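Since the structure comes first, as structure tokens, the remarks are kept for the end.
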Amino acid sequence: MKRDSWQRSAITSSSVGFYLGASLIALCTLTPIILIAFAALTSRAELYTWPRSIIPTKFSLDNLKYFINAYGVLKSTFNSILVAMVTILLSLLIGAPAGYALSRFRFRGKEAFKLGILITRMFPTSLLAIPLAVMFLRWRIYDTILGVSLMHTSLSLPFTVLITASLFLKVPYELEEAALTLGCNRITAFIHVSLPLILPGLAAAGIFTFVTSWNEVFAASILTVQNRTLPAHIMATLEASPLNFKFAGGFFMIIPAIVFIFIIRKYLLSMWGISVNK
């Protein structure tokens, strides 16, 4: 009895410690977002007063309206969303088959290929920006959505390949063999059997890819002039922008990522066995 009570108390202590640590991490993550949201929803007159309270006395959408109606914001927002969608599509179309090949086949240079995927993340974007700009000019894809999407795909593809490879390792190969005996070939077995089983993992890879593309600013600033993404546009106009524009831009940058995560949350949560009906 004493041993059972000791075990229950140990489990309770570990659970309390886990939830306490998770709460602290959530608090550290949410605090900057909440502060930026309060500043973005503060009226311009109150924003420039001193001393200013953290929570505004009256919430206002004037700063967000001012930011949205500013020159180039809507166009750059559309460009960012389009680039992120193309990046997700390319990353999954290339990364999922590559991860499947790494998990299912044995070939010479397999470990070197994995190492080569990781090495691509070792090169800083600032070192590759100028050669990429020259290459894109020669290919006539400079200052285009496709050019930025290819760059963002190269940044997120190593993660997609490695995460899908680990996911396919957890799918029993016997399921594919059963599909092959029932008339499927290798490709149809991959599409109809293995791929649906790793949808939660693909959702996680999609979230990472979207956030990487949405937040990337350096390469987008170098590779675009007229068709800038939203981070590149904000970076180009940041020094000449008033304070309310900066806070509104910071808050506006968070909204699409939250909406995207909300849309695919049921696939992500199902990875942990949590069902979402809505």
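Labels for the structure tokens follow display order: chains A, B, ..., residues from 1 in each chain, ligands from 1.
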
Tell me, counting only C-alpha atoms, for each residue of range 180-248 of chain A within 7 Å of range 139-157 of chain A, which pair of atoms is nearest and how far apart they are in Å to one decimal, in rows ordered by chain and increasing number, as CSV.
residue,atom,partner,partner_atom,distance
A:Thr209,CA,A:Ser156,CA,5.6
A:Thr212,CA,A:Ser156,CA,6.9
A:Ser213,CA,A:His152,CA,5.7
A:Ala220,CA,A:Val148,CA,6.1
A:Leu223,CA,A:Asp143,CA,5.7
A:Thr224,CA,A:Asp143,CA,4.0
A:Val225,CA,A:Asp143,CA,5.9
A:Gln226,CA,A:Asp143,CA,6.7
A:Asn227,CA,A:Asp143,CA,5.9

Got time to write the residues from that selection, N, CA and C atoms, as a PDB file, in the first residue's frame?
ATOM      1  N   THR A 209       6.684  24.267 -42.979  1.00  0.00           N
ATOM      2  CA  THR A 209       6.994  24.871 -44.272  1.00  0.00           C
ATOM      3  C   THR A 209       6.326  26.223 -44.419  1.00  0.00           C
ATOM      4  N   THR A 212       8.060  28.761 -42.157  1.00  0.00           N
ATOM      5  CA  THR A 212       9.380  29.096 -42.711  1.00  0.00           C
ATOM      6  C   THR A 212       9.255  30.057 -43.882  1.00  0.00           C
ATOM      7  N   SER A 213       8.325  29.766 -44.791  1.00  0.00           N
ATOM      8  CA  SER A 213       8.147  30.633 -45.949  1.00  0.00           C
ATOM      9  C   SER A 213       7.566  31.983 -45.564  1.00  0.00           C
ATOM     10  N   ALA A 220      13.916  36.792 -49.724  1.00  0.00           N
ATOM     11  CA  ALA A 220      12.829  37.477 -50.431  1.00  0.00           C
ATOM     12  C   ALA A 220      13.188  38.926 -50.727  1.00  0.00           C
ATOM     13  N   LEU A 223      15.798  38.731 -53.733  1.00  0.00           N
ATOM     14  CA  LEU A 223      15.333  38.144 -54.982  1.00  0.00           C
ATOM     15  C   LEU A 223      14.101  38.826 -55.559  1.00  0.00           C
ATOM     16  N   THR A 224      13.596  39.861 -54.897  1.00  0.00           N
ATOM     17  CA  THR A 224      12.412  40.555 -55.403  1.00  0.00           C
ATOM     18  C   THR A 224      12.611  42.064 -55.334  1.00  0.00           C
ATOM     19  N   VAL A 225      11.926  42.746 -56.227  1.00  0.00           N
ATOM     20  CA  VAL A 225      11.914  44.207 -56.234  1.00  0.00           C
ATOM     21  C   VAL A 225      10.475  44.720 -56.277  1.00  0.00           C
ATOM     22  N   GLN A 226       9.709  44.272 -57.255  1.00  0.00           N
ATOM     23  CA  GLN A 226       8.319  44.692 -57.398  1.00  0.00           C
ATOM     24  C   GLN A 226       7.355  43.715 -56.726  1.00  0.00           C
ATOM     25  N   ASN A 227       7.675  42.427 -56.781  1.00  0.00           N
ATOM     26  CA  ASN A 227       6.792  41.387 -56.241  1.00  0.00           C
ATOM     27  C   ASN A 227       7.298  40.911 -54.883  1.00  0.00           C
TER      28      ASN A 227
END

_For the helix (DSSP H, G or I) assignment from backbone DSSP, which residues of range 56-226 of chain A qualify? Please present them as JSON, numbers by chain._
{"A": [62, 63, 64, 65, 66, 67, 68, 73, 74, 75, 76, 77, 78, 79, 80, 81, 82, 83, 84, 85, 86, 87, 88, 89, 90, 91, 92, 93, 94, 95, 96, 97, 98, 99, 100, 101, 102, 103, 104, 110, 111, 112, 113, 114, 115, 116, 117, 118, 119, 125, 126, 127, 128, 129, 130, 131, 132, 133, 134, 135, 136, 137, 138, 139, 145, 146, 147, 148, 149, 150, 151, 152, 153, 154, 155, 156, 157, 158, 159, 160, 161, 162, 163, 164, 165, 166, 167, 168, 169, 173, 174, 175, 176, 177, 178, 179, 180, 181, 186, 187, 188, 189, 190, 191, 192, 193, 194, 195, 196, 197, 199, 200, 201, 202, 203, 204, 205, 206, 207, 208, 209, 210, 211, 212, 213, 214, 215, 218, 219, 220, 221, 222, 223]}

Contact check, range 158-204 of chain A to range 118-128 of chain A, at most 12 Å, counting only C-alpha atoms, closest pairs as a tab-separated table:
residue	atom	partner	partner_atom	distance
A:Pro158	CA	A:Leu118	CA	6.4
A:Phe159	CA	A:Leu118	CA	8.5
A:Thr160	CA	A:Leu118	CA	11.4
A:Val161	CA	A:Leu118	CA	10.1
A:Leu162	CA	A:Leu118	CA	9.1

Could you write those residues out with N, CA and C atoms, as a PDB file, in the first residue's frame?
ATOM      1  N   PRO A 158      14.814  19.915 -46.625  1.00  0.00           N
ATOM      2  CA  PRO A 158      15.492  18.930 -45.760  1.00  0.00           C
ATOM      3  C   PRO A 158      14.629  18.450 -44.604  1.00  0.00           C
ATOM      4  N   PHE A 159      13.925  19.365 -43.958  1.00  0.00           N
ATOM      5  CA  PHE A 159      13.041  18.958 -42.874  1.00  0.00           C
ATOM      6  C   PHE A 159      11.937  18.044 -43.385  1.00  0.00           C
ATOM      7  N   THR A 160      11.343  18.372 -44.516  1.00  0.00           N
ATOM      8  CA  THR A 160      10.248  17.562 -45.057  1.00  0.00           C
ATOM      9  C   THR A 160      10.716  16.156 -45.393  1.00  0.00           C
ATOM     10  N   VAL A 161      11.896  16.035 -46.009  1.00  0.00           N
ATOM     11  CA  VAL A 161      12.415  14.719 -46.388  1.00  0.00           C
ATOM     12  C   VAL A 161      12.677  13.865 -45.151  1.00  0.00           C
ATOM     13  N   LEU A 162      13.333  14.418 -44.171  1.00  0.00           N
ATOM     14  CA  LEU A 162      13.699  13.641 -42.987  1.00  0.00           C
ATOM     15  C   LEU A 162      12.479  13.273 -42.147  1.00  0.00           C
TER      16      LEU A 162
END

*Give me the residues within 10 Å of Leu89 in chain A as a PyMOL selection string, counting only C-alpha atoms and dropping any in the same chain fewer than 4 places off.*
chain A and resi 83-85+93-95+149+153+206+209

Would you output that residue set with N, CA and C atoms, as an mmCIF file, in the first residue's frame?
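And here's selection_27.cif as it stands now:
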data_model
loop_
_atom_site.group_PDB
_atom_site.id
_atom_site.type_symbol
_atom_site.label_atom_id
_atom_site.label_comp_id
_atom_site.auth_asym_id
_atom_site.auth_seq_id
_atom_site.Cartn_x
_atom_site.Cartn_y
_atom_site.Cartn_z
ATOM 1 N N VAL A 83 3.263 32.398 -52.317
ATOM 2 C CA VAL A 83 4.589 31.777 -52.207
ATOM 3 C C VAL A 83 4.559 30.630 -51.202
ATOM 4 N N ALA A 84 3.888 30.831 -50.068
ATOM 5 C CA ALA A 84 3.812 29.784 -49.045
ATOM 6 C C ALA A 84 3.063 28.561 -49.562
ATOM 7 N N MET A 85 1.973 28.760 -50.294
ATOM 8 C CA MET A 85 1.223 27.626 -50.826
ATOM 9 C C MET A 85 2.043 26.848 -51.862
ATOM 10 N N LEU A 93 5.482 17.466 -52.569
ATOM 11 C CA LEU A 93 5.590 16.655 -53.786
ATOM 12 C C LEU A 93 6.982 16.056 -53.950
ATOM 13 N N ILE A 94 7.994 16.795 -53.529
ATOM 14 C CA ILE A 94 9.373 16.300 -53.631
ATOM 15 C C ILE A 94 9.785 15.547 -52.376
ATOM 16 N N GLY A 95 9.422 16.089 -51.212
ATOM 17 C CA GLY A 95 9.905 15.528 -49.959
ATOM 18 C C GLY A 95 9.268 14.197 -49.593
ATOM 19 N N SER A 149 9.573 31.021 -54.362
ATOM 20 C CA SER A 149 9.060 29.717 -53.912
ATOM 21 C C SER A 149 10.140 28.651 -53.996
ATOM 22 N N THR A 153 11.494 26.608 -50.881
ATOM 23 C CA THR A 153 11.432 25.149 -50.927
ATOM 24 C C THR A 153 12.768 24.531 -50.549
ATOM 25 N N GLY A 206 3.745 20.553 -43.168
ATOM 26 C CA GLY A 206 3.142 21.692 -43.840
ATOM 27 C C GLY A 206 3.153 22.943 -42.979
ATOM 28 N N THR A 209 6.684 24.267 -42.979
ATOM 29 C CA THR A 209 6.994 24.871 -44.272
ATOM 30 C C THR A 209 6.326 26.223 -44.419
#

Skipping near chain neighbours, those fewer than 3 positions away, what residues fall within 7 Å of Phe245 in chain A using only C-alpha atoms, listed as a short mmCIF file (atom, residue, chain, number, x, y, z; two decimals) with N, CA and C atoms, in the first residue's frame?
data_model
loop_
_atom_site.label_atom_id
_atom_site.label_comp_id
_atom_site.auth_asym_id
_atom_site.auth_seq_id
_atom_site.Cartn_x
_atom_site.Cartn_y
_atom_site.Cartn_z
N ASN A 63 -5.18 51.37 -36.32
CA ASN A 63 -3.82 51.04 -36.73
C ASN A 63 -3.80 49.92 -37.77
N PHE A 67 -2.57 50.17 -41.59
CA PHE A 67 -1.56 49.27 -42.14
C PHE A 67 -2.06 48.57 -43.40
N SER A 241 8.64 54.14 -41.40
CA SER A 241 7.27 53.92 -40.95
C SER A 241 7.09 54.43 -39.53
N PRO A 242 5.90 54.93 -39.20
CA PRO A 242 5.62 55.35 -37.81
C PRO A 242 5.47 54.15 -36.90
N ALA A 248 1.23 47.38 -35.87
CA ALA A 248 0.16 46.77 -36.66
C ALA A 248 0.71 45.73 -37.62
N GLY A 249 1.87 46.00 -38.22
CA GLY A 249 2.49 45.03 -39.12
C GLY A 249 2.93 43.78 -38.39
#

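The smallest atom-to-atom distance between Ala204 in chain A and any of A:Arg44, A:Ile163, A:Ser80, A:Phe190, using only C-alpha atoms, is found for A:Ile163.
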
Listing only residues of range 221-255 of chain A within 7 Å of range 20-36 of chain A, what is the closest atom pair and its distance in Å (to one decimal) for each, using only C-alpha atoms, sorted by chain and residue number ascending, as a tab-separated table?
residue	atom	partner	partner_atom	distance
A:Phe247	CA	A:Ile36	CA	6.1
A:Gly250	CA	A:Ile36	CA	6.9
A:Phe251	CA	A:Ile36	CA	6.0

Filtering to C-alpha atoms, could you give me those residues as an mmCIF file, in the first residue's frame?
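Final output, saved to again.cif:
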data_model
loop_
_atom_site.group_PDB
_atom_site.id
_atom_site.type_symbol
_atom_site.label_atom_id
_atom_site.label_comp_id
_atom_site.auth_asym_id
_atom_site.auth_seq_id
_atom_site.Cartn_x
_atom_site.Cartn_y
_atom_site.Cartn_z
ATOM 1 C CA PHE A 247 3.055 47.344 -34.274
ATOM 2 C CA GLY A 250 3.897 42.765 -36.412
ATOM 3 C CA PHE A 251 0.420 41.733 -35.314
#
